[in-house]
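Q: File name target-v4.txt; file contents compact mmCIF, C-alpha atoms and all ligand atoms; full text below.
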# COMPACT_ATOMS: atom_id res chain seq x y z
CA MET A 45 -13.38 -14.94 -20.85
CA LYS A 46 -13.54 -12.83 -23.96
CA ILE A 47 -12.02 -9.40 -23.36
CA LEU A 48 -12.40 -6.47 -25.74
CA VAL A 49 -9.38 -4.19 -25.23
CA THR A 50 -9.44 -0.69 -26.77
CA GLY A 51 -6.09 0.98 -27.45
CA GLY A 52 -4.31 -2.36 -27.37
CA ALA A 53 -1.61 -1.23 -29.80
CA GLY A 54 -0.49 1.51 -27.39
CA PHE A 55 2.10 1.40 -24.63
CA ILE A 56 -0.06 0.13 -21.75
CA GLY A 57 -2.68 -1.66 -23.88
CA SER A 58 -0.02 -3.81 -25.55
CA ALA A 59 1.41 -4.72 -22.11
CA VAL A 60 -2.11 -5.71 -20.98
CA ILE A 61 -2.64 -7.91 -24.07
CA ARG A 62 0.78 -9.56 -23.76
CA HIS A 63 0.01 -10.24 -20.09
CA ILE A 64 -3.41 -11.78 -20.80
CA ILE A 65 -2.36 -13.92 -23.77
CA GLN A 66 0.83 -15.14 -22.07
CA ASN A 67 -0.61 -15.83 -18.60
CA THR A 68 -4.27 -16.79 -19.03
CA GLU A 69 -6.55 -18.78 -21.34
CA HIS A 70 -8.72 -15.77 -22.22
CA GLN A 71 -9.47 -14.45 -25.71
CA VAL A 72 -8.67 -10.86 -26.64
CA LEU A 73 -10.05 -8.57 -29.34
CA ASN A 74 -7.79 -5.54 -29.76
CA VAL A 75 -9.77 -2.53 -31.05
CA ASP A 76 -7.39 0.25 -32.08
CA LYS A 77 -7.52 3.04 -34.63
CA LEU A 78 -3.72 2.96 -34.99
CA THR A 79 -2.93 6.62 -34.53
CA TYR A 80 0.75 7.62 -34.52
CA ALA A 81 0.89 6.05 -30.99
CA GLY A 82 -0.43 2.64 -32.02
CA ASN A 83 2.20 0.12 -33.01
CA LEU A 84 1.33 -3.49 -33.78
CA GLU A 85 5.04 -4.37 -33.65
CA SER A 86 4.62 -4.24 -29.84
CA LEU A 87 2.34 -7.28 -30.14
CA ILE A 88 4.50 -9.51 -32.34
CA SER A 89 5.08 -11.94 -29.44
CA VAL A 90 1.33 -12.72 -29.20
CA ALA A 91 0.03 -11.92 -32.69
CA ASP A 92 0.05 -15.57 -33.81
CA SER A 93 -2.03 -16.78 -30.88
CA GLN A 94 -5.42 -18.26 -31.82
CA ARG A 95 -6.80 -16.32 -28.85
CA TYR A 96 -5.80 -12.89 -30.22
CA GLN A 97 -7.66 -10.83 -32.84
CA PHE A 98 -7.18 -7.28 -34.07
CA SER A 99 -9.64 -4.78 -35.57
CA GLN A 100 -8.51 -1.40 -36.86
CA THR A 101 -11.47 0.62 -35.60
CA ASP A 102 -12.01 4.15 -34.31
CA ILE A 103 -13.91 4.17 -31.00
CA CYS A 104 -15.86 7.17 -32.31
CA ASP A 105 -17.41 4.89 -34.99
CA ARG A 106 -20.50 3.64 -33.22
CA ALA A 107 -21.76 1.34 -36.00
CA ALA A 108 -18.38 -0.41 -36.18
CA LEU A 109 -18.34 -0.80 -32.38
CA GLU A 110 -21.88 -2.25 -32.34
CA HIS A 111 -20.81 -4.80 -34.96
CA LEU A 112 -17.73 -5.80 -32.91
CA PHE A 113 -19.85 -6.29 -29.75
CA GLN A 114 -22.35 -8.45 -31.68
CA THR A 115 -19.73 -10.64 -33.33
CA PHE A 116 -17.09 -10.96 -30.57
CA LYS A 117 -19.58 -11.04 -27.65
CA PRO A 118 -17.19 -9.84 -24.92
CA ASP A 119 -17.51 -10.66 -21.20
CA ALA A 120 -15.53 -7.54 -20.39
CA VAL A 121 -14.24 -4.33 -21.95
CA MET A 122 -10.91 -2.81 -20.94
CA HIS A 123 -10.96 0.75 -22.28
CA LEU A 124 -7.48 2.18 -22.80
CA ALA A 125 -7.84 3.94 -26.17
CA ALA A 126 -7.03 7.61 -25.73
CA GLU A 127 -4.97 10.50 -26.89
CA SER A 128 -2.43 10.47 -24.09
CA HIS A 129 0.36 13.01 -24.55
CA VAL A 130 0.00 16.24 -22.52
CA ASP A 131 2.17 18.32 -24.86
CA ARG A 132 0.09 17.29 -27.87
CA SER A 133 -3.07 18.20 -25.95
CA ILE A 134 -1.73 21.72 -25.49
CA SER A 135 -0.89 22.22 -29.17
CA GLY A 136 -4.00 20.42 -30.51
CA PRO A 137 -6.76 19.71 -27.99
CA PHE A 138 -9.50 18.70 -30.44
CA ALA A 139 -8.33 15.11 -30.96
CA PHE A 140 -8.44 14.72 -27.15
CA ILE A 141 -12.03 15.92 -26.97
CA GLU A 142 -12.99 13.61 -29.84
CA THR A 143 -11.36 10.37 -28.70
CA ASN A 144 -11.28 10.74 -24.92
CA ILE A 145 -14.77 12.20 -24.48
CA ILE A 146 -16.86 11.42 -27.60
CA GLY A 147 -15.11 8.09 -28.15
CA THR A 148 -15.72 7.03 -24.56
CA TYR A 149 -19.37 8.05 -24.90
CA GLN A 150 -19.79 5.98 -28.10
CA LEU A 151 -18.10 3.00 -26.47
CA LEU A 152 -20.30 3.29 -23.37
CA GLU A 153 -23.44 3.37 -25.50
CA ALA A 154 -22.34 0.43 -27.67
CA ALA A 155 -21.48 -1.52 -24.50
CA ARG A 156 -24.78 -0.61 -22.84
CA ASN A 157 -26.88 -1.70 -25.84
CA TYR A 158 -25.04 -5.00 -25.97
CA TRP A 159 -25.17 -5.52 -22.18
CA LEU A 160 -28.92 -4.77 -21.98
CA ASN A 161 -29.66 -7.71 -24.26
CA LEU A 162 -27.45 -10.27 -22.52
CA PRO A 163 -29.03 -13.18 -20.65
CA LYS A 164 -29.21 -12.49 -16.89
CA GLU A 165 -26.19 -14.54 -15.84
CA LEU A 166 -23.87 -12.97 -18.45
CA LYS A 167 -25.34 -9.56 -17.71
CA ASN A 168 -24.33 -9.83 -14.05
CA LYS A 169 -20.81 -10.90 -14.93
CA PHE A 170 -20.19 -8.23 -17.59
CA ARG A 171 -17.61 -5.53 -16.73
CA PHE A 172 -16.72 -2.20 -18.33
CA HIS A 173 -13.27 -1.26 -17.05
CA HIS A 174 -12.26 2.34 -17.71
CA ILE A 175 -8.51 3.02 -17.46
CA SER A 176 -7.64 6.54 -16.37
CA THR A 177 -4.88 8.65 -14.90
CA ASP A 178 -3.94 10.34 -11.61
CA GLU A 179 -3.63 13.59 -13.59
CA VAL A 180 -7.41 14.12 -13.18
CA TYR A 181 -6.74 15.02 -9.52
CA GLY A 182 -4.52 18.00 -10.43
CA ASP A 183 -1.56 19.20 -8.46
CA LEU A 184 -0.21 18.40 -4.96
CA GLU A 185 2.30 21.25 -4.89
CA GLY A 186 3.61 22.06 -1.42
CA THR A 187 1.68 19.35 0.42
CA ALA A 188 2.51 15.94 1.78
CA ASP A 189 -0.88 14.64 0.57
CA LEU A 190 -1.49 11.63 -1.61
CA PHE A 191 -4.31 11.17 -4.14
CA THR A 192 -6.94 8.80 -2.79
CA GLU A 193 -10.03 7.47 -4.57
CA THR A 194 -12.08 10.30 -3.00
CA THR A 195 -9.77 13.21 -3.87
CA SER A 196 -11.81 15.76 -5.84
CA TYR A 197 -11.03 16.32 -9.50
CA SER A 198 -9.05 19.39 -10.55
CA PRO A 199 -7.48 18.71 -13.96
CA SER A 200 -4.94 21.19 -15.37
CA SER A 201 -4.28 20.27 -19.01
CA PRO A 202 -6.62 19.58 -21.95
CA TYR A 203 -5.46 15.94 -21.66
CA SER A 204 -6.36 15.57 -17.98
CA ALA A 205 -9.61 17.53 -18.41
CA SER A 206 -10.68 15.19 -21.22
CA LYS A 207 -9.81 12.14 -19.12
CA ALA A 208 -11.72 13.63 -16.16
CA SER A 209 -14.75 14.04 -18.44
CA SER A 210 -14.54 10.43 -19.55
CA ASP A 211 -14.30 9.26 -15.90
CA HIS A 212 -17.47 11.21 -15.08
CA LEU A 213 -19.30 9.72 -18.06
CA VAL A 214 -18.34 6.17 -17.06
CA ARG A 215 -19.53 6.68 -13.45
CA ALA A 216 -22.76 8.29 -14.70
CA TRP A 217 -23.45 5.28 -16.94
CA HIS A 218 -23.16 3.12 -13.84
CA ARG A 219 -25.32 5.32 -11.63
CA THR A 220 -27.97 6.10 -14.25
CA TYR A 221 -28.13 2.94 -16.34
CA GLY A 222 -26.63 0.36 -13.99
CA LEU A 223 -23.79 -0.54 -16.40
CA PRO A 224 -21.33 -2.61 -14.30
CA VAL A 225 -18.21 -0.42 -14.43
CA VAL A 226 -14.89 -0.33 -12.61
CA VAL A 227 -12.49 2.63 -12.87
CA THR A 228 -8.76 2.79 -12.25
CA ASN A 229 -6.61 5.90 -11.93
CA CYS A 230 -2.91 5.25 -12.31
CA SER A 231 0.33 7.19 -11.95
CA ASN A 232 3.02 7.64 -14.64
CA ASN A 233 4.02 4.41 -16.34
CA TYR A 234 7.39 3.52 -17.81
CA GLY A 235 8.93 0.42 -19.34
CA PRO A 236 9.49 -1.42 -22.65
CA TYR A 237 7.64 -0.37 -25.84
CA HIS A 238 7.09 3.21 -24.63
CA PHE A 239 6.69 5.66 -27.53
CA PRO A 240 9.83 7.83 -27.63
CA GLU A 241 8.02 11.15 -27.11
CA LYS A 242 7.60 10.43 -23.36
CA LEU A 243 10.23 11.42 -20.78
CA ILE A 244 12.06 8.15 -20.04
CA PRO A 245 12.42 6.71 -23.58
CA LEU A 246 13.16 10.18 -24.97
CA MET A 247 16.05 10.62 -22.54
CA ILE A 248 17.47 7.13 -23.17
CA LEU A 249 17.35 7.49 -26.95
CA ASN A 250 18.60 11.09 -27.08
CA ALA A 251 21.53 10.21 -24.79
CA LEU A 252 22.51 7.26 -26.98
CA GLN A 253 22.58 9.59 -30.00
CA GLY A 254 24.49 12.37 -28.20
CA LYS A 255 21.47 14.71 -28.46
CA PRO A 256 20.45 17.21 -25.73
CA LEU A 257 18.35 15.89 -22.82
CA PRO A 258 15.66 18.61 -22.52
CA ILE A 259 14.26 19.13 -19.00
CA TYR A 260 11.20 21.33 -18.48
CA GLY A 261 11.70 24.28 -16.07
CA ASN A 262 13.86 23.36 -13.08
CA GLY A 263 13.20 19.61 -13.37
CA GLN A 264 11.66 19.48 -9.89
CA GLN A 265 8.26 18.15 -11.05
CA ILE A 266 7.55 15.02 -9.03
CA ARG A 267 5.85 11.98 -10.52
CA ASP A 268 5.04 8.59 -9.00
CA TRP A 269 6.53 6.04 -11.43
CA LEU A 270 5.08 2.58 -12.04
CA PHE A 271 6.61 -0.18 -14.20
CA VAL A 272 4.13 -0.89 -17.01
CA GLU A 273 4.02 -4.66 -16.41
CA ASP A 274 3.00 -4.02 -12.79
CA HIS A 275 0.18 -1.83 -14.13
CA ALA A 276 -0.92 -4.56 -16.55
CA ARG A 277 -1.13 -7.06 -13.66
CA ALA A 278 -3.14 -4.57 -11.60
CA LEU A 279 -5.58 -3.96 -14.46
CA TYR A 280 -6.14 -7.66 -14.95
CA LYS A 281 -6.86 -8.04 -11.23
CA VAL A 282 -9.34 -5.18 -11.29
CA VAL A 283 -11.24 -6.38 -14.36
CA THR A 284 -11.54 -9.92 -12.97
CA GLU A 285 -11.89 -9.26 -9.21
CA GLY A 286 -12.79 -5.57 -8.76
CA ALA A 287 -16.11 -4.64 -7.18
CA VAL A 288 -18.70 -3.06 -9.49
CA GLY A 289 -18.94 0.72 -9.21
CA GLU A 290 -15.60 1.00 -7.41
CA THR A 291 -12.52 3.05 -8.24
CA TYR A 292 -9.00 1.81 -7.53
CA ASN A 293 -5.92 4.05 -7.52
CA ILE A 294 -2.79 2.35 -8.83
CA GLY A 295 0.69 3.64 -8.06
CA GLY A 296 4.29 2.59 -7.67
CA HIS A 297 5.27 4.27 -4.36
CA ASN A 298 8.15 5.78 -6.35
CA GLU A 299 8.02 9.55 -6.12
CA LYS A 300 10.89 11.03 -8.13
CA ALA A 301 11.64 14.50 -9.48
CA ASN A 302 12.13 14.53 -13.26
CA ILE A 303 15.74 15.61 -12.87
CA GLU A 304 16.41 12.63 -10.57
CA VAL A 305 14.95 10.30 -13.20
CA VAL A 306 17.21 11.72 -15.89
CA HIS A 307 20.29 11.45 -13.65
CA ALA A 308 19.39 7.81 -12.90
CA ILE A 309 19.12 7.09 -16.64
CA CYS A 310 22.52 8.72 -17.29
CA THR A 311 24.13 6.64 -14.52
CA LEU A 312 22.67 3.42 -15.90
CA LEU A 313 23.83 4.29 -19.42
CA GLU A 314 27.40 4.93 -18.18
CA GLU A 315 27.36 1.30 -17.01
CA LEU A 316 25.32 -0.37 -19.78
CA ALA A 317 26.39 1.70 -22.82
CA PRO A 318 29.92 2.89 -22.02
CA ASN A 319 30.77 3.52 -25.70
CA LYS A 320 29.40 7.05 -25.89
CA PRO A 321 28.70 9.07 -29.03
CA GLU A 322 31.64 11.08 -30.32
CA GLY A 323 32.51 14.14 -28.23
CA VAL A 324 30.45 13.05 -25.20
CA GLN A 325 32.51 12.55 -22.02
CA GLN A 326 29.58 11.90 -19.67
CA TYR A 327 25.89 11.42 -20.53
CA LYS A 328 24.95 13.96 -17.82
CA GLU A 329 26.60 16.80 -19.74
CA LEU A 330 23.79 16.48 -22.34
CA ILE A 331 21.16 17.73 -19.83
CA THR A 332 19.67 21.10 -20.91
CA TYR A 333 16.88 23.08 -19.27
CA VAL A 334 14.05 24.35 -21.51
CA THR A 335 11.04 26.65 -20.92
CA ASP A 336 8.47 24.92 -18.73
CA ARG A 337 5.24 23.51 -20.14
CA PRO A 338 2.24 25.85 -19.49
CA GLY A 339 0.09 24.70 -16.56
CA HIS A 340 2.69 22.11 -15.57
CA ASP A 341 1.62 20.29 -12.38
CA VAL A 342 4.37 20.11 -9.76
CA ARG A 343 3.59 16.93 -7.90
CA TYR A 344 1.46 13.81 -8.32
CA ALA A 345 1.51 10.99 -5.77
CA ILE A 346 -0.86 8.06 -5.37
CA ASP A 347 -2.16 6.30 -2.29
CA ALA A 348 -2.52 2.74 -3.61
CA SER A 349 -3.51 1.17 -0.29
CA LYS A 350 -7.08 0.29 -1.36
CA ILE A 351 -6.07 -2.00 -4.23
CA LYS A 352 -3.46 -3.62 -1.98
CA LYS A 353 -5.93 -4.21 0.84
CA GLU A 354 -8.94 -5.27 -1.25
CA LEU A 355 -7.35 -7.06 -4.20
CA GLY A 356 -3.90 -7.97 -2.87
CA TRP A 357 -2.02 -6.13 -5.63
CA GLU A 358 1.29 -4.36 -5.15
CA PRO A 359 4.11 -3.53 -7.55
CA ALA A 360 6.80 -6.17 -8.03
CA GLU A 361 9.43 -3.75 -9.38
CA SER A 362 11.22 -1.00 -7.50
CA PHE A 363 12.09 2.11 -9.52
CA GLU A 364 15.73 0.96 -9.65
CA SER A 365 14.96 -2.56 -10.93
CA GLY A 366 12.28 -1.33 -13.37
CA LEU A 367 14.47 1.43 -14.80
CA ARG A 368 17.37 -0.99 -15.30
CA LYS A 369 15.04 -3.39 -17.18
CA THR A 370 13.78 -0.48 -19.29
CA VAL A 371 17.22 0.81 -20.28
CA GLU A 372 18.35 -2.75 -21.06
CA TRP A 373 15.22 -3.26 -23.20
CA TYR A 374 15.87 -0.13 -25.29
CA LEU A 375 19.51 -1.15 -25.75
CA SER A 376 18.57 -4.60 -27.03
CA ASN A 377 15.53 -3.60 -29.12
CA GLN A 378 17.10 -1.10 -31.49
CA GLU A 379 15.02 -2.41 -34.39
CA TRP A 380 11.71 -1.52 -32.67
CA VAL A 381 13.10 1.94 -31.93
CA GLU A 382 14.48 2.49 -35.44
CA HIS A 383 11.14 1.50 -37.00
CA ILE A 384 9.38 4.10 -34.86
CA GLN A 385 11.94 6.79 -35.48
CA SER A 386 11.94 6.26 -39.26
CA GLY A 387 8.13 5.89 -39.40
CA GLU A 388 8.72 2.39 -40.81
CA TYR A 389 6.30 0.86 -38.30
CA LEU A 390 3.51 2.40 -40.37
CA SER A 391 4.66 0.74 -43.59
CA TRP A 392 5.28 -2.50 -41.63
CA LEU A 393 1.60 -2.38 -40.81
CA GLU A 394 0.63 -1.91 -44.44
CA LYS A 395 2.83 -4.81 -45.53
CA GLN A 396 1.61 -7.04 -42.71
CA TYR A 397 -2.04 -6.43 -43.46
CA GLN A 398 -1.88 -6.22 -47.25
CA GLY A 399 -5.03 -7.66 -48.71
P1 LIG A 401 -0.76 5.41 -25.91
O1 LIG A 401 -0.86 6.80 -26.47
O2 LIG A 401 0.55 4.71 -25.93
O3 LIG A 401 -1.80 4.45 -26.66
C1 LIG A 401 -3.10 4.85 -26.98
C2 LIG A 401 -3.65 3.87 -28.00
O4 LIG A 401 -5.00 4.26 -28.30
C3 LIG A 401 -2.88 3.85 -29.33
O5 LIG A 401 -2.65 2.52 -29.74
C4 LIG A 401 -3.83 4.56 -30.30
O6 LIG A 401 -3.70 4.10 -31.63
C5 LIG A 401 -5.19 4.22 -29.69
N1 LIG A 401 -6.23 5.20 -30.06
C6 LIG A 401 -6.14 6.56 -29.99
N2 LIG A 401 -7.29 7.11 -30.44
C7 LIG A 401 -8.12 6.09 -30.77
C8 LIG A 401 -9.44 6.02 -31.27
N3 LIG A 401 -10.15 7.12 -31.55
N4 LIG A 401 -9.99 4.79 -31.48
C9 LIG A 401 -9.29 3.65 -31.22
N5 LIG A 401 -8.02 3.67 -30.76
C10 LIG A 401 -7.44 4.87 -30.53
O7 LIG A 401 -1.35 5.52 -24.44
P2 LIG A 401 -0.92 4.71 -23.13
O8 LIG A 401 0.22 5.41 -22.48
O9 LIG A 401 -0.81 3.27 -23.46
O10 LIG A 401 -2.21 4.95 -22.22
C11 LIG A 401 -3.33 4.07 -22.28
C12 LIG A 401 -4.42 4.55 -21.35
O11 LIG A 401 -3.92 4.61 -20.01
C13 LIG A 401 -4.92 5.96 -21.68
O12 LIG A 401 -6.31 5.99 -21.49
C14 LIG A 401 -4.23 6.86 -20.66
O13 LIG A 401 -5.01 7.98 -20.35
C15 LIG A 401 -4.10 5.92 -19.48
N6 LIG A 401 -2.95 6.18 -18.59
C16 LIG A 401 -1.67 6.32 -19.10
C17 LIG A 401 -0.61 6.51 -18.22
C18 LIG A 401 0.82 6.60 -18.73
O14 LIG A 401 1.72 6.88 -17.93
N7 LIG A 401 1.10 6.35 -20.00
C19 LIG A 401 -0.84 6.59 -16.85
C20 LIG A 401 -2.14 6.44 -16.37
C21 LIG A 401 -3.19 6.22 -17.25
What would the structure in this file look like if it were written as structure tokens?

A:
Amino acid sequence: MKILVTGGAGFIGSAVIRHIIQNTEHQVLNVDKLTYAGNLESLISVADSQRYQFSQTDICDRAALEHLFQTFKPDAVMHLAAESHVDRSISGPFAFIETNIIGTYQLLEAARNYWLNLPKELKNKFRFHHISTDEVYGDLEGTADLFTETTSYSPSSPYSASKASSDHLVRAWHRTYGLPVVVTNCSNNYGPYHFPEKLIPLMILNALQGKPLPIYGNGQQIRDWLFVEDHARALYKVVTEGAVGETYNIGGHNEKANIEVVHAICTLLEELAPNKPEGVQQYKELITYVTDRPGHDVRYAIDASKIKKELGWEPAESFESGLRKTVEWYLSNQEWVEHIQSGEYLSWLEKQYQG
């Protein structure tokens, strides 16, 4: 297969590309604009493969997308490119409207034009896989409910509203034009190569530097955590075996309050990084509570029984094993972290692609 992956330089997209190149014979074209969140250093382990190509392209650029479809001739699209950070969506929503809504529209149209002209056999096999989030379902505060594939949408933040819009567009392109789509909605991911603005890497890296560990509100917001490599395996299963027009929820069965997550990180660091920064007796003493994020959802939790029953996928990592792997990864990949923190990953890119 030839798979066009958008957002492949991001956290989950890079895990998907590493998974495909390392475990299959497929070819991948990574289409990524390289915003602040895109980092080609996350793909060093596969960058030399003959089956991997990269194009620095904005998914809002329709002409560039049309050209990539015509030259690469994909059998499937895995669409991960997005603005993805809730806090950034609150301070600057426009980029979210542009990439998540307009960009998805441009990609759908480029895919549809290409798909319409495919010979019948290839046309039937073509897949457009849209990767989305459980945040589109809104909040489960005070209930024991789980999000299922039929839960109605009730997004709270500009980020989740823009993702909800893109989900609706993708389903409409299936219903109206017959484009063969599959949609996945996944819970919070964590693991190696996560950009240090998100909760888990932020806490690990701040603790190692003796900086405060800022917790929103009372820290009781519950998220269902999934190890990123489990997500990558699930996405590959869906794009290759999922039924056209279907939605699959993906989750880790790991509901944890944010404060529990931070305590678990501190405990692991006591064991794995016992030489603490000067003046720090215990990592936990760095925890500080800060004003809650506006519109902060209290609880998300996924019912992932459909993908287990229909496609035989379930997570391989427990929260404990996945978090240990994550902390160990950050401890032994200081160079990746330093390049992000110093902004050097941007100049690395320039050097790498000079000429
Ligand atoms: P990320 O922010 O780490 O990566 C996003 C990537 O998209 C970056 O490489 C960026 O350069 C690229 N990009 C942004 N705008 C672009 C544009 N206009 N054109 C081309 N490329 C562009 O995000 P992530 O955490 O890897 O998430 C990937 C997808 O999975 C997103 O669609 C997100 O909504 C979804 N998702 C994320 C999570 C999570 O916990 N991180 C959970 C469920 C679903």

Q: May I ask which of the residues A:Val342, A:Val121, A:Val180, A:Ile64 is the closest one to ligand LIG 401 (chain A), counting all atoms listed in the file?

A: A:Val180

Q: Please determine, counting all atoms listed in the file, which residue among A:Ile103, A:Ala345, A:Ile56, A:Leu313 has the shortest atom-to-atom distance to Leu279 of chain A.

A: A:Ile56

Q: From the list A:Gln66, A:Pro236, A:Asp341, A:Glu110, which residue is nearest Asp92 of chain A when using all atoms listed in the file?

A: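 Counting all atoms listed in the file, the residue closest to Asp92 of chain A is A:Gln66.
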
Q: Neighbours of Leu270 of chain A within 8 Å (all atoms listed in the file; same-chain residues fewer than 5 positions away dropped), as a ChimeraX atom specification?

A: /A:231-234,275,295-298,359,363

Q: Which residues of chain A come within 6 Å of ligand LIG 401 (chain A), and what is each one's closest atom pair and distance in Å (one decimal), counting all atoms listed in the file, sorted by chain and residue number, as a tab-separated table?

A:
residue	atom	partner	partner_atom	distance
A:Gly51	CA	A:LIG401	O4	3.6
A:Gly52	CA	A:LIG401	O5	5.7
A:Ala53	CA	A:LIG401	O5	3.9
A:Gly54	CA	A:LIG401	O3	3.3
A:Phe55	CA	A:LIG401	O9	3.7
A:Ile56	CA	A:LIG401	O9	3.7
A:Gly57	CA	A:LIG401	O9	5.3
A:Asp76	CA	A:LIG401	N5	3.7
A:Lys77	CA	A:LIG401	C9	3.9
A:Leu78	CA	A:LIG401	O6	3.5
A:Thr79	CA	A:LIG401	O6	3.9
A:Ala81	CA	A:LIG401	C3	4.7
A:Gly82	CA	A:LIG401	O5	3.2
A:Thr101	CA	A:LIG401	C9	5.8
A:Asp102	CA	A:LIG401	N4	3.5
A:Ile103	CA	A:LIG401	N4	4.0
A:Cys104	CA	A:LIG401	N3	5.8
A:Leu124	CA	A:LIG401	C12	4.1
A:Ala125	CA	A:LIG401	O4	3.6
A:Ala126	CA	A:LIG401	C6	4.5
A:Glu127	CA	A:LIG401	C6	5.1
A:Ser128	CA	A:LIG401	O1	4.6
A:Thr143	CA	A:LIG401	N3	4.5
A:Ile175	CA	A:LIG401	O12	5.5
A:Ser176	CA	A:LIG401	C21	4.5
A:Thr177	CA	A:LIG401	C21	3.8
A:Cys230	CA	A:LIG401	C20	4.3
A:Ser231	CA	A:LIG401	C19	5.1
A:Asn232	CA	A:LIG401	O14	3.6
A:Asn233	CA	A:LIG401	O14	3.7

Q: What would the file look like if the residues just selected were written as a short mmCIF file (atom, residue, chain, number, x, y, z; two decimals), in the frame of the given file with C-alpha atoms?

A:
data_model
loop_
_atom_site.label_atom_id
_atom_site.label_comp_id
_atom_site.auth_asym_id
_atom_site.auth_seq_id
_atom_site.Cartn_x
_atom_site.Cartn_y
_atom_site.Cartn_z
CA GLY A 51 -6.09 0.98 -27.45
CA GLY A 52 -4.31 -2.36 -27.37
CA ALA A 53 -1.61 -1.23 -29.80
CA GLY A 54 -0.49 1.51 -27.39
CA PHE A 55 2.10 1.40 -24.63
CA ILE A 56 -0.06 0.13 -21.75
CA GLY A 57 -2.68 -1.66 -23.88
CA ASP A 76 -7.39 0.25 -32.08
CA LYS A 77 -7.52 3.04 -34.63
CA LEU A 78 -3.72 2.96 -34.99
CA THR A 79 -2.93 6.62 -34.53
CA ALA A 81 0.89 6.05 -30.99
CA GLY A 82 -0.43 2.64 -32.02
CA THR A 101 -11.47 0.62 -35.60
CA ASP A 102 -12.01 4.15 -34.31
CA ILE A 103 -13.91 4.17 -31.00
CA CYS A 104 -15.86 7.17 -32.31
CA LEU A 124 -7.48 2.18 -22.80
CA ALA A 125 -7.84 3.94 -26.17
CA ALA A 126 -7.03 7.61 -25.73
CA GLU A 127 -4.97 10.50 -26.89
CA SER A 128 -2.43 10.47 -24.09
CA THR A 143 -11.36 10.37 -28.70
CA ILE A 175 -8.51 3.02 -17.46
CA SER A 176 -7.64 6.54 -16.37
CA THR A 177 -4.88 8.65 -14.90
CA CYS A 230 -2.91 5.25 -12.31
CA SER A 231 0.33 7.19 -11.95
CA ASN A 232 3.02 7.64 -14.64
CA ASN A 233 4.02 4.41 -16.34
#

Q: Using all atoms listed in the file, find the one residue out of A:Asn262, A:Asp131, A:His173, A:Gly182 that sits nearest to Leu243 of chain A.

A: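 For Leu243 of chain A, the nearest of the given residues is A:Asp131.
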
Q: Which residues are close to Gly254 of chain A, i.e. within 7 Å by only C-alpha atoms, leaving aside same-chain residues fewer than 2 positions away? Reply as a PyMOL selection string.

A: chain A and resi 250-252+256+321+324

Q: With all atoms listed in the file as the atoms that count, which of A:Glu299, A:Gly323, A:Lys207, A:Lys328 lies nearest to Pro258 of chain A?

A: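 Distance minimum relative to Pro258 of chain A lands on A:Lys328.
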
Q: Which residue is closest to Val90 of chain A? Choose from A:Arg106, A:Lys320, A:His111, A:His63 and count all atoms listed in the file.

A: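 The closest residue to Val90 of chain A is A:His63.
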
Q: Which polymer residues have any atom within 12 Å of an atom of segment 383-389 of chain A, counting only C-alpha atoms, with same-chain residues fewer than 3 positions away left out, as an mmCIF file with C-alpha atoms, keeping the file's coordinate frame?

A:
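The new file around-v5.cif reads:
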data_model
loop_
_atom_site.group_PDB
_atom_site.id
_atom_site.type_symbol
_atom_site.label_atom_id
_atom_site.label_comp_id
_atom_site.auth_asym_id
_atom_site.auth_seq_id
_atom_site.Cartn_x
_atom_site.Cartn_y
_atom_site.Cartn_z
ATOM 1 C CA ALA A 53 -1.610 -1.230 -29.800
ATOM 2 C CA LEU A 78 -3.720 2.960 -34.990
ATOM 3 C CA THR A 79 -2.930 6.620 -34.530
ATOM 4 C CA TYR A 80 0.750 7.620 -34.520
ATOM 5 C CA ALA A 81 0.890 6.050 -30.990
ATOM 6 C CA GLY A 82 -0.430 2.640 -32.020
ATOM 7 C CA ASN A 83 2.200 0.120 -33.010
ATOM 8 C CA LEU A 84 1.330 -3.490 -33.780
ATOM 9 C CA GLU A 85 5.040 -4.370 -33.650
ATOM 10 C CA SER A 86 4.620 -4.240 -29.840
ATOM 11 C CA TYR A 237 7.640 -0.370 -25.840
ATOM 12 C CA HIS A 238 7.090 3.210 -24.630
ATOM 13 C CA PHE A 239 6.690 5.660 -27.530
ATOM 14 C CA PRO A 240 9.830 7.830 -27.630
ATOM 15 C CA GLU A 241 8.020 11.150 -27.110
ATOM 16 C CA PRO A 245 12.420 6.710 -23.580
ATOM 17 C CA LEU A 246 13.160 10.180 -24.970
ATOM 18 C CA LEU A 249 17.350 7.490 -26.950
ATOM 19 C CA ASN A 250 18.600 11.090 -27.080
ATOM 20 C CA ASN A 377 15.530 -3.600 -29.120
ATOM 21 C CA GLN A 378 17.100 -1.100 -31.490
ATOM 22 C CA GLU A 379 15.020 -2.410 -34.390
ATOM 23 C CA TRP A 380 11.710 -1.520 -32.670
ATOM 24 C CA TRP A 392 5.280 -2.500 -41.630
ATOM 25 C CA LEU A 393 1.600 -2.380 -40.810
ATOM 26 C CA GLU A 394 0.630 -1.910 -44.440
ATOM 27 C CA LYS A 395 2.830 -4.810 -45.530
ATOM 28 C CA GLN A 396 1.610 -7.040 -42.710
#

Q: Using Å and a single decimal, report how far atom CA of Gly366 of chain A sits from atom CA of Glu69 of chain A.

A: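 Computing it gives 26.9 Å between the two atoms.
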
Q: What does the distance from atom CA of Gly356 of chain A to atom CA of Glu273 of chain A come to in Å, to one decimal?

A: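 Separation between atom CA of Gly356 of chain A and atom CA of Glu273 of chain A: 16.0 Å.
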
Q: Please indicate the distance in Å from atom CA of Gly289 of chain A to atom CA of His212 of chain A, rounded to one decimal place.

A: 12.1 Å
